[in-house]
Every structure is written in C-alpha cells, then in structure tokens.
file final_8.cif (mmCIF, C-alpha atoms)
data_target
#
loop_
_atom_site.label_atom_id
_atom_site.label_comp_id
_atom_site.auth_asym_id
_atom_site.auth_seq_id
_atom_site.Cartn_x
_atom_site.Cartn_y
_atom_site.Cartn_z
CA MET A 1 30.38 56.69 18.42
CA LYS A 2 31.71 58.58 21.42
CA ASN A 3 34.77 59.93 19.68
CA ALA A 4 34.89 61.59 16.30
CA PHE A 5 38.34 60.25 15.57
CA ILE A 6 37.42 56.63 15.07
CA LEU A 7 39.66 53.67 14.72
CA SER A 8 36.70 51.44 13.94
CA VAL A 9 37.20 47.69 13.97
CA LEU A 10 36.39 46.30 10.56
CA GLY A 11 34.33 43.24 9.88
CA VAL A 12 31.84 43.25 12.75
CA ALA A 13 29.40 41.22 10.65
CA SER A 14 32.05 38.92 9.24
CA ALA A 15 34.69 38.58 11.94
CA GLN A 16 35.55 35.06 10.84
CA HIS A 17 36.47 36.19 7.33
CA ASP A 18 39.91 37.39 6.45
CA ARG A 19 40.60 40.28 4.11
CA LYS A 20 41.02 38.03 1.09
CA ALA A 21 37.51 36.68 1.66
CA MET A 22 36.03 40.17 1.71
CA ILE A 23 37.80 41.13 -1.51
CA ALA A 24 36.62 37.92 -3.16
CA GLU A 25 33.07 38.72 -2.06
CA ILE A 26 33.27 42.23 -3.52
CA GLN A 27 34.71 41.09 -6.83
CA SER A 28 32.16 38.29 -7.24
CA THR A 29 29.15 40.51 -6.52
CA PRO A 30 27.02 40.86 -9.68
CA GLY A 31 27.14 44.38 -11.11
CA VAL A 32 30.03 45.58 -8.95
CA LEU A 33 31.52 48.75 -10.45
CA TRP A 34 34.84 48.98 -8.66
CA THR A 35 38.04 47.06 -8.09
CA ALA A 36 39.11 45.99 -4.61
CA GLY A 37 42.57 45.17 -3.33
CA MET A 38 44.95 45.53 -0.44
CA SER A 39 48.56 45.35 0.61
CA ALA A 40 49.91 41.81 0.26
CA LYS A 41 51.24 41.75 3.80
CA PHE A 42 47.70 42.12 5.18
CA GLU A 43 45.84 39.78 2.86
CA ASN A 44 45.59 36.94 5.38
CA GLU A 45 44.93 39.13 8.38
CA PRO A 46 41.52 38.83 10.07
CA LEU A 47 39.29 41.82 9.54
CA ALA A 48 39.31 42.61 13.24
CA THR A 49 43.02 43.47 13.14
CA LEU A 50 42.60 46.10 10.41
CA ARG A 51 41.27 49.55 11.05
CA ILE A 52 40.09 52.57 9.13
CA LEU A 53 40.48 56.21 9.99
CA SER A 54 37.47 58.49 9.95
CA GLY A 55 36.90 61.87 11.51
CA VAL A 56 33.35 63.23 11.20
CA LYS A 57 31.45 62.91 14.45
CA ALA A 58 28.29 60.84 14.66
CA GLU A 59 26.25 63.86 15.68
CA ALA A 60 27.60 65.81 12.72
CA MET A 61 26.60 63.02 10.36
CA ALA A 62 23.12 63.02 11.91
CA LYS A 63 22.82 66.78 11.37
CA ARG A 64 23.59 66.29 7.68
CA VAL A 65 20.70 63.84 7.44
CA GLU A 66 18.39 66.35 9.14
CA TYR A 67 19.57 69.07 6.76
CA ALA A 68 18.67 66.89 3.78
CA LYS A 69 15.21 66.21 5.20
CA ALA A 70 14.56 69.90 5.83
CA HIS A 71 15.65 71.17 2.41
CA LYS A 72 13.61 70.43 -0.67
CA PRO A 73 15.62 69.39 -3.74
CA LEU A 74 16.22 72.09 -6.31
CA THR A 75 14.13 72.06 -9.43
CA ALA A 76 15.83 69.82 -11.95
CA VAL A 77 17.85 71.61 -14.60
CA ALA A 78 19.78 70.12 -17.47
CA LEU A 79 23.25 69.17 -16.26
CA PRO A 80 26.17 68.41 -18.57
CA ASP A 81 27.25 64.78 -18.71
CA SER A 82 30.50 65.72 -17.02
CA PHE A 83 32.13 68.61 -15.22
CA ASP A 84 35.62 68.82 -13.77
CA SER A 85 36.70 71.85 -11.75
CA GLU A 86 40.35 71.51 -12.70
CA ALA A 87 39.49 71.51 -16.42
CA ASN A 88 36.90 74.25 -16.11
CA TRP A 89 39.23 76.61 -14.23
CA PRO A 90 42.69 75.73 -15.64
CA GLN A 91 44.14 78.86 -14.07
CA CYS A 92 43.47 77.20 -10.69
CA ALA A 93 44.51 73.67 -11.67
CA LYS A 94 47.58 73.73 -9.44
CA VAL A 95 45.57 74.23 -6.27
CA ILE A 96 42.53 72.15 -7.29
CA GLY A 97 44.79 69.21 -8.16
CA ASP A 98 46.64 69.34 -4.84
CA ILE A 99 45.95 66.02 -3.07
CA ARG A 100 46.93 66.26 0.58
CA ASP A 101 47.64 63.75 3.35
CA GLN A 102 45.96 63.95 6.77
CA SER A 103 48.45 61.53 8.39
CA MET A 104 47.01 59.26 11.09
CA CYS A 105 44.88 62.08 12.46
CA GLY A 106 41.10 62.36 12.23
CA CYS A 107 41.07 65.83 10.71
CA CYS A 108 39.60 64.96 7.32
CA TRP A 109 36.91 67.55 8.14
CA ALA A 110 39.59 70.27 8.19
CA PHE A 111 41.50 68.99 5.16
CA ALA A 112 38.40 68.89 2.97
CA ALA A 113 37.45 72.41 4.04
CA ALA A 114 40.94 73.90 3.68
CA SER A 115 41.35 72.33 0.25
CA ALA A 116 37.92 73.35 -1.06
CA ALA A 117 38.37 76.85 0.37
CA SER A 118 41.73 77.13 -1.41
CA ASP A 119 40.03 76.15 -4.67
CA ARG A 120 37.18 78.58 -4.25
CA LEU A 121 39.53 81.41 -3.20
CA CYS A 122 41.45 80.95 -6.44
CA ILE A 123 38.29 80.73 -8.55
CA ALA A 124 36.59 83.71 -6.87
CA THR A 125 39.67 85.89 -7.41
CA ASN A 126 40.18 84.63 -10.99
CA ALA A 127 43.54 83.18 -9.97
CA THR A 128 44.98 86.41 -8.63
CA THR A 129 45.43 84.40 -5.42
CA VAL A 130 46.64 80.84 -5.93
CA VAL A 131 47.66 79.48 -2.54
CA PRO A 132 46.88 76.44 -0.40
CA LEU A 133 45.11 77.39 2.81
CA SER A 134 46.55 75.68 5.86
CA ALA A 135 44.99 72.46 7.12
CA GLU A 136 47.24 72.89 10.18
CA ASP A 137 45.54 76.18 11.03
CA VAL A 138 42.01 74.89 10.42
CA CYS A 139 42.45 71.50 12.08
CA PHE A 140 44.05 72.73 15.28
CA CYS A 141 42.43 76.15 15.68
CA ALA A 142 38.83 75.51 14.60
CA SER A 143 38.63 72.66 17.14
CA ALA A 144 40.02 72.04 20.61
CA ASP A 145 41.22 68.61 19.45
CA GLY A 146 41.22 68.37 15.66
CA CYS A 147 42.61 64.84 15.44
CA GLN A 148 39.54 63.68 17.33
CA GLY A 149 37.29 64.78 14.47
CA GLY A 150 34.78 67.49 13.71
CA ASP A 151 31.99 68.46 11.32
CA ILE A 152 31.71 70.10 7.90
CA SER A 153 30.24 73.44 9.04
CA GLY A 154 32.64 74.52 11.79
CA PRO A 155 35.75 74.82 9.57
CA TRP A 156 33.95 77.16 7.16
CA ASP A 157 32.70 79.30 10.04
CA TYR A 158 36.28 79.45 11.31
CA ILE A 159 37.71 80.49 7.93
CA GLN A 160 34.93 83.05 7.52
CA SER A 161 35.31 84.57 10.99
CA GLN A 162 39.01 84.08 11.80
CA GLY A 163 40.64 83.50 8.44
CA ALA A 164 43.12 80.76 7.55
CA VAL A 165 46.80 81.25 6.79
CA THR A 166 48.53 79.60 3.85
CA GLY A 167 50.06 76.18 4.32
CA GLY A 168 51.16 73.26 2.21
CA GLN A 169 52.02 69.67 2.90
CA TYR A 170 54.37 68.07 5.41
CA GLN A 171 57.91 69.49 5.23
CA GLY A 172 57.18 71.43 2.05
CA THR A 173 56.18 68.43 -0.04
CA GLY A 174 53.41 68.85 -2.57
CA PRO A 175 53.04 71.21 -5.55
CA PHE A 176 53.63 74.43 -3.60
CA GLY A 177 56.89 73.44 -1.94
CA GLU A 178 58.20 75.36 1.06
CA GLY A 179 57.63 78.96 2.02
CA MET A 180 53.98 79.00 3.11
CA CYS A 181 53.04 80.13 6.61
CA GLN A 182 51.92 76.87 8.26
CA ASP A 183 52.58 73.56 6.52
CA PHE A 184 50.96 70.45 7.98
CA SER A 185 53.14 69.18 10.82
CA LEU A 186 52.25 65.46 10.82
CA PRO A 187 53.96 62.88 8.57
CA HIS A 188 52.72 61.26 5.38
CA CYS A 189 51.18 57.78 5.64
CA HIS A 190 50.03 54.94 3.44
CA HIS A 191 46.35 54.69 4.29
CA HIS A 192 44.52 51.74 2.70
CA GLY A 193 44.43 49.48 -0.31
CA PRO A 194 47.48 48.15 -2.20
CA GLN A 195 50.77 49.80 -1.29
CA GLY A 196 51.68 50.15 -4.97
CA ASP A 197 54.21 52.95 -5.44
CA ASP A 198 53.24 54.62 -2.17
CA PRO A 199 56.58 55.26 -0.40
CA TYR A 200 55.07 56.12 2.97
CA PRO A 201 54.74 53.83 6.03
CA ALA A 202 51.31 52.38 6.72
CA GLU A 203 48.98 53.76 9.37
CA GLY A 204 49.64 52.24 12.74
CA THR A 205 53.26 51.36 12.02
CA LYS A 206 56.32 52.89 13.65
CA GLY A 207 56.64 55.42 10.85
CA CYS A 208 53.01 56.49 11.08
CA PRO A 209 51.69 56.15 14.62
CA GLN A 210 48.36 57.52 15.79
CA GLN A 211 48.80 61.26 16.14
CA LYS A 212 47.80 63.75 18.81
CA SER A 213 46.55 67.20 17.93
CA ALA A 214 49.15 69.95 17.67
CA GLN A 215 48.73 73.28 19.40
CA CYS A 216 46.84 75.97 17.53
CA PRO A 217 49.58 77.89 15.68
CA LYS A 218 50.03 81.58 16.39
CA THR A 219 53.07 82.27 14.22
CA CYS A 220 54.34 81.08 10.86
CA ASP A 221 56.85 78.26 10.39
CA SER A 222 60.55 79.10 10.44
CA ALA A 223 60.67 78.08 6.76
CA ALA A 224 57.95 80.59 5.80
CA LYS A 225 59.00 83.22 3.30
CA ALA A 226 57.61 86.62 2.37
CA PRO A 227 54.83 87.38 1.74
CA HIS A 228 53.68 84.38 3.82
CA ASN A 229 55.81 84.87 6.92
CA VAL A 230 53.59 87.21 8.99
CA PHE A 231 50.81 85.17 10.55
CA LYS A 232 48.06 87.77 10.88
CA LYS A 233 48.69 89.29 7.46
CA ASP A 234 48.69 85.86 5.84
CA LYS A 235 45.13 85.06 6.92
CA TRP A 236 42.47 84.78 4.21
CA SER A 237 38.77 85.10 4.97
CA PHE A 238 35.43 86.01 3.42
CA PRO A 239 32.67 88.14 5.04
CA GLU A 240 29.61 86.30 3.76
CA ALA A 241 27.97 83.35 5.55
CA ALA A 242 29.06 79.93 4.34
CA GLY A 243 26.69 78.11 2.02
CA ALA A 244 25.25 74.60 1.97
CA ALA A 245 23.42 72.41 -0.52
CA SER A 246 21.80 69.00 -0.67
CA GLY A 247 20.88 66.52 -3.38
CA GLU A 248 22.34 65.86 -6.81
CA GLN A 249 21.02 69.03 -8.43
CA GLY A 250 21.98 71.38 -5.61
CA ILE A 251 25.49 69.96 -5.26
CA ALA A 252 26.19 69.95 -9.00
CA GLN A 253 24.99 73.53 -9.36
CA ALA A 254 27.11 74.67 -6.40
CA ILE A 255 30.23 73.10 -7.94
CA MET A 256 29.61 74.57 -11.39
CA ALA A 257 28.99 78.01 -9.88
CA GLY A 258 31.97 78.28 -7.57
CA GLY A 259 34.18 75.19 -7.49
CA PRO A 260 34.74 72.14 -5.26
CA VAL A 261 32.69 71.63 -2.11
CA GLU A 262 33.14 69.75 1.15
CA THR A 263 30.98 66.76 1.98
CA ALA A 264 31.00 63.68 4.20
CA PHE A 265 29.87 60.11 3.74
CA THR A 266 29.51 56.95 5.75
CA VAL A 267 32.57 54.74 5.43
CA TYR A 268 31.81 51.03 5.32
CA ASP A 269 34.31 48.23 5.82
CA ASP A 270 34.68 47.63 2.11
CA PHE A 271 35.83 51.17 1.32
CA SER A 272 39.25 50.39 2.81
CA ASN A 273 39.74 48.01 -0.12
CA TYR A 274 38.99 50.58 -2.84
CA VAL A 275 41.46 50.64 -5.72
CA SER A 276 39.59 52.13 -8.68
CA GLY A 277 36.20 52.41 -10.35
CA ILE A 278 32.85 53.79 -9.20
CA TYR A 279 32.42 52.96 -5.52
CA HIS A 280 29.14 51.72 -4.08
CA HIS A 281 28.67 49.88 -0.82
CA VAL A 282 28.89 46.10 -1.24
CA SER A 283 30.01 44.50 2.02
CA GLY A 284 30.62 45.20 5.68
CA GLU A 285 29.37 47.40 8.47
CA GLU A 286 29.58 51.14 9.10
CA ALA A 287 33.02 52.29 10.24
CA GLY A 288 32.37 56.01 10.76
CA GLY A 289 32.07 59.31 8.91
CA HIS A 290 34.71 60.72 6.57
CA ALA A 291 34.93 64.21 5.02
CA VAL A 292 36.13 64.72 1.45
CA ARG A 293 36.03 67.23 -1.41
CA ILE A 294 33.79 66.80 -4.46
CA VAL A 295 35.53 68.32 -7.48
CA GLY A 296 33.24 67.27 -10.31
CA PHE A 297 31.01 64.60 -11.81
CA GLY A 298 30.64 62.38 -14.86
CA VAL A 299 29.09 59.30 -16.42
CA GLU A 300 30.76 55.99 -17.28
CA GLY A 301 28.96 53.07 -18.89
CA GLY A 302 25.66 54.75 -18.18
CA VAL A 303 26.46 55.10 -14.46
CA LYS A 304 26.59 58.61 -12.99
CA TYR A 305 29.34 59.37 -10.50
CA TRP A 306 30.91 62.10 -8.40
CA LYS A 307 34.66 62.70 -8.71
CA VAL A 308 35.96 63.06 -5.16
CA ALA A 309 39.36 64.13 -3.83
CA ASN A 310 40.46 62.28 -0.71
CA SER A 311 43.14 63.31 1.81
CA TRP A 312 45.02 60.00 1.81
CA ASN A 313 47.90 61.19 -0.44
CA PRO A 314 48.07 60.99 -4.26
CA HIS A 315 49.26 57.35 -4.28
CA TRP A 316 45.91 56.13 -2.96
CA GLY A 317 42.97 55.15 -5.19
CA GLU A 318 42.79 56.86 -8.58
CA LYS A 319 45.78 59.17 -8.00
CA GLY A 320 44.27 60.43 -4.76
CA TYR A 321 40.70 60.49 -6.04
CA PHE A 322 37.81 58.07 -5.99
CA ARG A 323 34.53 57.98 -7.84
CA ILE A 324 31.23 57.19 -6.15
CA LYS A 325 27.72 56.69 -7.49
CA ARG A 326 25.79 59.91 -8.08
CA GLY A 327 22.07 60.57 -7.81
CA ASN A 328 21.17 57.89 -5.25
CA ASN A 329 22.81 59.48 -2.20
CA GLU A 330 25.34 56.66 -1.95
CA ALA A 331 26.55 56.34 1.66
CA GLY A 332 24.89 59.69 2.46
CA ILE A 333 27.31 61.69 0.33
CA GLU A 334 24.50 63.92 -1.01
CA ASP A 335 22.92 64.77 2.35
CA GLN A 336 24.77 68.07 2.69
CA VAL A 337 27.80 69.86 1.27
CA THR A 338 29.35 73.10 2.54
CA PHE A 339 31.30 75.86 0.81
CA SER A 340 32.11 79.56 0.63
CA PRO A 341 29.75 81.55 -1.63
CA ALA A 342 30.68 81.61 -5.31
CA ASN A 343 30.77 85.43 -5.19
CA ALA A 344 32.61 85.61 -1.85
CA LYS A 345 34.77 88.70 -1.44
CA TRP A 346 37.95 87.13 -0.10
CA SER A 347 40.44 89.41 1.61
CA PRO A 348 43.76 89.05 3.46
CA GLY A 349 44.38 89.97 7.07
CA GLY A 350 41.89 87.75 8.89
CA GLY A 351 38.18 87.91 9.55
CA SER A 352 36.09 89.92 11.96
CA GLY A 353 36.46 87.42 14.81
CA PRO A 354 34.05 84.88 16.18
CA ALA A 355 31.84 87.22 18.18
CA PRO A 356 28.88 88.86 16.40
CA GLY A 357 28.95 92.64 16.36
CA THR A 358 25.82 92.99 18.46
CA CYS A 359 26.84 90.43 21.08
CA ALA A 360 23.16 89.57 21.34
CA ASP A 361 21.63 86.43 22.71
CA THR A 362 19.86 85.66 19.46
CA GLU A 363 22.54 84.09 17.27
CA ASP A 364 21.25 81.37 14.98
CA SER A 365 21.85 77.69 15.63
CA SER A 366 24.73 77.40 13.17
CA TYR A 367 26.66 80.15 14.97
CA CYS A 368 25.90 78.57 18.29
CA ASP A 369 27.20 75.23 17.08
CA TYR A 370 30.38 76.91 15.85
CA THR A 371 30.87 78.71 19.18
CA LYS A 372 30.77 75.42 21.01
CA THR A 373 32.81 73.29 18.63
CA ALA A 374 35.51 75.94 18.16
CA SER A 375 35.81 76.65 21.89
CA ALA A 376 35.05 80.27 20.99
CA CYS A 377 33.76 81.10 24.45
CA LYS A 378 37.25 82.16 25.45
CA PHE A 379 37.07 84.80 22.71
CA ASN A 380 33.47 85.88 23.26
CA PHE A 381 33.12 85.95 27.02
CA ALA A 382 34.90 89.26 27.53
CA LYS A 383 32.50 90.94 25.09
CA CYS A 384 29.28 89.01 25.67
CA LYS A 385 27.70 87.91 28.89
CA LYS A 386 25.83 85.28 26.90
CA THR A 387 26.35 83.81 23.45
CA CYS A 388 23.78 81.19 22.45
CA GLY A 389 23.68 80.19 26.10
CA CYS A 390 27.15 78.64 25.95
CA CYS A 391 29.25 81.51 27.32
CA ASP A 392 27.20 82.35 30.38
CA LYS A 393 29.01 82.20 33.71
CA THR A 394 26.29 80.05 35.19
CA PRO A 395 24.96 76.69 33.98
CA PRO A 396 24.07 75.70 31.36
CA GLY A 397 26.84 77.94 30.00
CA TYR A 398 29.47 75.33 29.29
CA CYS A 399 31.96 74.76 26.50
CA PHE A 400 33.40 71.25 26.24
CA GLY A 401 32.11 70.49 29.72
CA GLU A 402 33.93 73.39 31.36
CA GLU A 403 32.50 76.65 32.59
CA ALA A 404 33.28 79.53 30.26
CA SER A 405 34.99 81.44 33.08
CA ASP A 406 37.51 78.59 33.34
CA LEU A 407 38.44 79.03 29.69
CA LEU A 408 39.56 82.65 29.96
CA VAL A 409 43.25 81.91 29.74
#
call {"tool": "encode", "arguments": {"input": "final_8.cif", "output": "structure tokens"}}
result
Amino acid sequence: MKNAFILSVLGVASAQHDRKAMIAEIQSTPGVLWTAGMSAKFENEPLATLRILSGVKAEAMAKRVEYAKAHKPLTAVALPDSFDSEANWPQCAKVIGDIRDQSMCGCCWAFAAASAASDRLCIATNATTVVPLSAEDVCFCASADGCQGGDISGPWDYIQSQGAVTGGQYQGTGPFGEGMCQDFSLPHCHHHGPQGDDPYPAEGTKGCPQQKSAQCPKTCDSAAKAPHNVFKKDKWSFPEAAGAASGEQGIAQAIMAGGPVETAFTVYDDFSNYVSGIYHHVSGEEAGGHAVRIVGFGVEGGVKYWKVANSWNPHWGEKGYFRIKRGNNEAGIEDQVTFSPANAKWSPGGGSGPAPGTCADTEDSSYCDYTKTASACKFNFAKCKKTCGCCDKTPPGYCFGEEASDLLV
C-alpha cells in the first residue's frame, strides 16, 4: 500500500460475487461466530464497487509484527473470565463509553489514541479530570496529513511531548456536548453494515464525501467555553514515555492496570459486513490496517474475545463496539498495543516539546520515527543541527521528502 488512507477495493479474490453471495458464504461457514449483513441498497452491488476505510500504514503494520517477534510473551498469570473498563472504573464511564466517528477520513490511528488517552487520563487522575481529548488536535497536528493515515506510536509521542487539547464530536454531538476546545470538524457518516437506525449518510455519498485533512489547529473553536477556551492551557500531557505490550497476557494486564489501549488489526473484506458476535476472518482479501481501542475482554460459549471500541459511530456494530477472538492473534490484533503508563502524571499546559533536552544525535528509534512522521523537524532544527539524521541540512536529512531547511516556515 502506498497510501495509509486506503479505499481498498473489496473482493479481489471473488470479484464475480456480489455482496449477498459473500454474506451467504459467511453465514454458511461451519462454526462461524458472528452475524453478517449490509444495507439493503447495496446487497446486489458487486464487491468491486464497495470500499472500506482504513488508516494504518503498511509499514506501521509491519513494525507491529516485528515488535511482537522481538518481545517475549509475559509469563502467564490467572486472568478473570471477563473485564470491562467502563464497569471497573464507573467514575470514568462517561468518557470510556464515548464512541466517536472518524468521518470519511483515515485517522482511525488518531481517534483510537485520543480516546484511549482520554480514558487513561481519567483513570490515572481518579476522575478528577473527565474530558475527551481532541481527535482533531491529534489527527491534524501529529501528522502532516492525518486523513492519509498513520501509526499507533506517533499519536502517543505527540500527546506526551506536545499535549492534546480537549475536544468532542462533530458540532458538539456526543456525551460531552459543546464547550470543549477543538471538536472534530468533519461530519458523521454511516460506515458499513446495515443502516439500521443510523441517521447519517453513507461514506462516499454527497453527505459524506472523502475528506481532506484540516489544518493543525492553533486556537480553540469559537464555541469553546471556559476553562477549555485557551488553547495552550487546555493541553494535557504526561512526562513518561509511552508504553507498549504484545500478546494476550501483556495486553490484558495493561488494560487491567491502567485502562483501554490502542491497537490495530488487518481488515479483511468480510469485516465490512460485521453486525454482531465474535468476529474472526472468514472470507475475502486484506483491505488494509485499522486502529481501534480495546476496552476489555470476556468469554462467550467457551470462546474468548476482546471487546473493542470502533470509531464508526455508536450505530455501527454492537452499539459502536465489536468483539474479536482473543488468544490467537486474530487479524494481528495482539501484535502490539500502545498506551500511556498506568501511573502517568498527567498535567495541563502542554508537554515539553518534541525536541529532547540534550539535542543529541543519539535519540532512540521510536523518537526518530516520531520526528519524521510528525514533521517535527520544523520544531527541532533551530535547536539541533541533527536529530536522528532527519533534521540535518544536508542529505540524508529529509522529512517527508523535503530538506529540513525548507520546512522552517
């Protein structure tokens, strides 16, 4: 995949089949654990005319696989049969239960991070701070072109180093209403599966066209109200390095210790038909990577599953959630998750900035990756002659194919 925002054509392996045929195949598969369906107006459409939105870059998905290979699984400990973050931290239920909508923009990577960070901020502060952190800020400031996708490490590095302002859903919809600093600026959409009671226009229609990335916000919305109306003061960050985990044990322990985590998984053609149940891949080819938020886990009929919050609005799937098989790394969902530390010391007013204090040439690979993906050269160049080799004036010091000196604007 050349672009991280992927409108992947579905049904490469079964181009002659229409959508009804794929659903029939799923439902007739022995042992299938989930229900498939779709909007009636598309049921006779060929697969090639239907598309699915995903926004984790191919290289980012590959790095997750390498992370899993390099990290040994944690020693097995007894896990409860089920765990739900919203039930375990009821004082943070309002923010944990907030299902957002990424519109027709490939910034799932930012939505999953902003949502999980909001959850963990609330949990770490014992609900003294219950606010949604802005997907608008993270999507369009942690990347030069957030709608074209990203990874699951960069947004956490951005929140840690720059901070994220508060922000709810489009035009003040959602549980927090209006008054936050930067609500998401792109409209709600119906994403996949049966339309049901979803009032929003479908992706790709006049009411929900493919979106371009907004400019990185520098001030709060006109509707912002005190104490969320001063951009710099409304930033929330943590000083510690972001964490990561892999495998069933590591992920479960991270969730139980500090709350929901961000992950990604490979989307196959059949996932666009998900209605309910415990998802596992049945039919179709890979359609790209998608970032989501794991909020808990459970067991049904002897089958272990993860409970996952999507960013396709609360009318999709199981009220905005889906369940997926746990313990077998279904679709790569257990390769790597990312999160702020459970004991993170969150504070308002923004982070320390993207440049390390020493401005040395010895930053680790994760910082170097962040510097490149976040276009941070324009911040670092004035202080550092070199930063991981990507802010040097001479080649190979390039960010996004441009010399760093060209980015000092």
call {"tool": "resolve_selection", "arguments": {"input": "final_8.cif", "expression": "the PyMOL selection byres ((chain A and resi 56) around 10)", "output": "VMD selection string"}}
result
chain A and resid 3 to 6 54 to 55 57 to 61 106 to 110 148 to 152 264 to 266 288 to 291
call {"tool": "closest_residue", "arguments": {"input": "final_8.cif", "among": "A:Ser28, A:Ser82, A:Ser340, A:Asn88", "to": "A:Glu240", "atoms": "all atoms listed in the file"}}
result
A:Ser340
call {"tool": "residues_around", "arguments": {"input": "final_8.cif", "residues": "A:His315", "least_positions_apart": "3", "cutoff": "9 Å", "atoms": "only C-alpha atoms", "output": "list in words"}}
result
His190, Gln195, Gly196, Asp197, Asp198, Pro199, Trp312, Glu318, Lys319 and Gly320 of chain A
call {"tool": "atom_distance", "arguments": {"input": "final_8.cif", "atom1": "atom CA of A:Phe322", "atom2": "atom CA of A:Gly193"}}
result
12.2 Å
call {"tool": "resolve_selection", "arguments": {"input": "final_8.cif", "expression": "the PyMOL selection byres ((chain A and resi 277) around 10)", "output": "list in words"}}
result
Val32, Leu33, Trp34, Thr35, Ala36, Tyr274, Val275, Ser276, Ile278, Tyr279, His280, Glu300, Tyr305, Gly317, Glu318, Phe322, Arg323, Ile324 and Lys325 of chain A
call {"tool": "resolve_selection", "arguments": {"input": "final_8.cif", "expression": "the PyMOL selection byres ((chain A and resi 345) around 7)", "output": "list in words"}}
result
Phe238, Pro239, Asn343, Ala344, Trp346 and Ser347 of chain A
call {"tool": "residues_near_point", "arguments": {"input": "final_8.cif", "point": "(27.1, 64.6, -13.9)", "cutoff": "6 Å", "atoms": "all atoms listed in the file", "output": "list in words"}}
result
Asp81, Ser82, Phe297 and Gly298 of chain A
call {"tool": "atom_distance", "arguments": {"input": "final_8.cif", "atom1": "atom CA of A:Asp183", "atom2": "atom CA of A:Pro348"}}
result
18.1 Å
call {"tool": "residues_near_point", "arguments": {"input": "final_8.cif", "point": "(37.5, 77.1, 3.9)", "cutoff": "8 Å", "atoms": "all atoms listed in the file", "output": "PDB file with C-alpha atoms, in the frame of the given file"}}
result
ATOM      1  CA  ALA A 113      37.450  72.410   4.040  1.00  0.00           C
ATOM      2  CA  ALA A 114      40.940  73.900   3.680  1.00  0.00           C
ATOM      3  CA  SER A 115      41.350  72.330   0.250  1.00  0.00           C
ATOM      4  CA  ALA A 116      37.920  73.350  -1.060  1.00  0.00           C
ATOM      5  CA  ALA A 117      38.370  76.850   0.370  1.00  0.00           C
ATOM      6  CA  SER A 118      41.730  77.130  -1.410  1.00  0.00           C
ATOM      7  CA  LEU A 133      45.110  77.390   2.810  1.00  0.00           C
ATOM      8  CA  PRO A 155      35.750  74.820   9.570  1.00  0.00           C
ATOM      9  CA  TRP A 156      33.950  77.160   7.160  1.00  0.00           C
ATOM     10  CA  TYR A 158      36.280  79.450  11.310  1.00  0.00           C
ATOM     11  CA  ILE A 159      37.710  80.490   7.930  1.00  0.00           C
ATOM     12  CA  GLN A 160      34.930  83.050   7.520  1.00  0.00           C
ATOM     13  CA  ALA A 164      43.120  80.760   7.550  1.00  0.00           C
ATOM     14  CA  PHE A 339      31.300  75.860   0.810  1.00  0.00           C
ATOM     15  CA  SER A 340      32.110  79.560   0.630  1.00  0.00           C
TER      16      SER A 340
END
call {"tool": "atom_distance", "arguments": {"input": "final_8.cif", "atom1": "atom CA of A:Cys105", "atom2": "atom CA of A:Glu334"}}
result
24.5 Å
call {"tool": "residues_around", "arguments": {"input": "final_8.cif", "residues": "A:Lys94", "least_positions_apart": "4", "cutoff": "10 Å", "atoms": "only C-alpha atoms", "output": "count of residues only"}}
result
10
call {"tool": "closest_residue", "arguments": {"input": "final_8.cif", "among": "A:Cys216, A:Cys141, A:Leu74, A:Ala342", "to": "A:Gln249", "atoms": "all atoms listed in the file"}}
result
A:Leu74
call {"tool": "build_atoms", "arguments": {"input": "final_8.cif", "residues": "stretch 108-123 of chain A", "atoms": "N, CA and C atoms", "output": "compact mmCIF listing (two decimals), keeping the file's coordinate frame"}}
result
# COMPACT_ATOMS: atom_id res chain seq x y z
N CYS A 108 40.10 64.88 8.69
CA CYS A 108 39.60 64.96 7.32
C CYS A 108 38.66 66.14 7.14
N TRP A 109 37.88 66.44 8.18
CA TRP A 109 36.91 67.55 8.14
C TRP A 109 37.62 68.88 7.86
N ALA A 110 38.82 69.05 8.40
CA ALA A 110 39.59 70.27 8.19
C ALA A 110 40.30 70.26 6.85
N PHE A 111 40.81 69.10 6.44
CA PHE A 111 41.50 68.99 5.16
C PHE A 111 40.55 69.26 4.00
N ALA A 112 39.36 68.68 4.05
CA ALA A 112 38.40 68.89 2.97
C ALA A 112 37.99 70.36 2.89
N ALA A 113 37.83 71.00 4.03
CA ALA A 113 37.45 72.41 4.04
C ALA A 113 38.59 73.30 3.56
N ALA A 114 39.80 73.07 4.08
CA ALA A 114 40.94 73.90 3.68
C ALA A 114 41.22 73.77 2.19
N SER A 115 41.10 72.56 1.67
CA SER A 115 41.35 72.33 0.25
C SER A 115 40.28 72.98 -0.62
N ALA A 116 39.00 72.75 -0.28
CA ALA A 116 37.92 73.35 -1.06
C ALA A 116 37.94 74.87 -0.96
N ALA A 117 38.28 75.39 0.22
CA ALA A 117 38.37 76.85 0.37
C ALA A 117 39.51 77.42 -0.47
N SER A 118 40.63 76.70 -0.55
CA SER A 118 41.73 77.13 -1.41
C SER A 118 41.29 77.20 -2.86
N ASP A 119 40.54 76.18 -3.30
CA ASP A 119 40.03 76.15 -4.67
C ASP A 119 39.11 77.33 -4.95
N ARG A 120 38.19 77.55 -4.02
CA ARG A 120 37.18 78.58 -4.25
C ARG A 120 37.76 79.99 -4.11
N LEU A 121 38.80 80.14 -3.28
CA LEU A 121 39.53 81.41 -3.20
C LEU A 121 40.16 81.72 -4.54
N CYS A 122 40.81 80.75 -5.13
CA CYS A 122 41.45 80.95 -6.44
C CYS A 122 40.42 81.29 -7.50
N ILE A 123 39.33 80.53 -7.53
CA ILE A 123 38.29 80.73 -8.55
C ILE A 123 37.62 82.08 -8.38
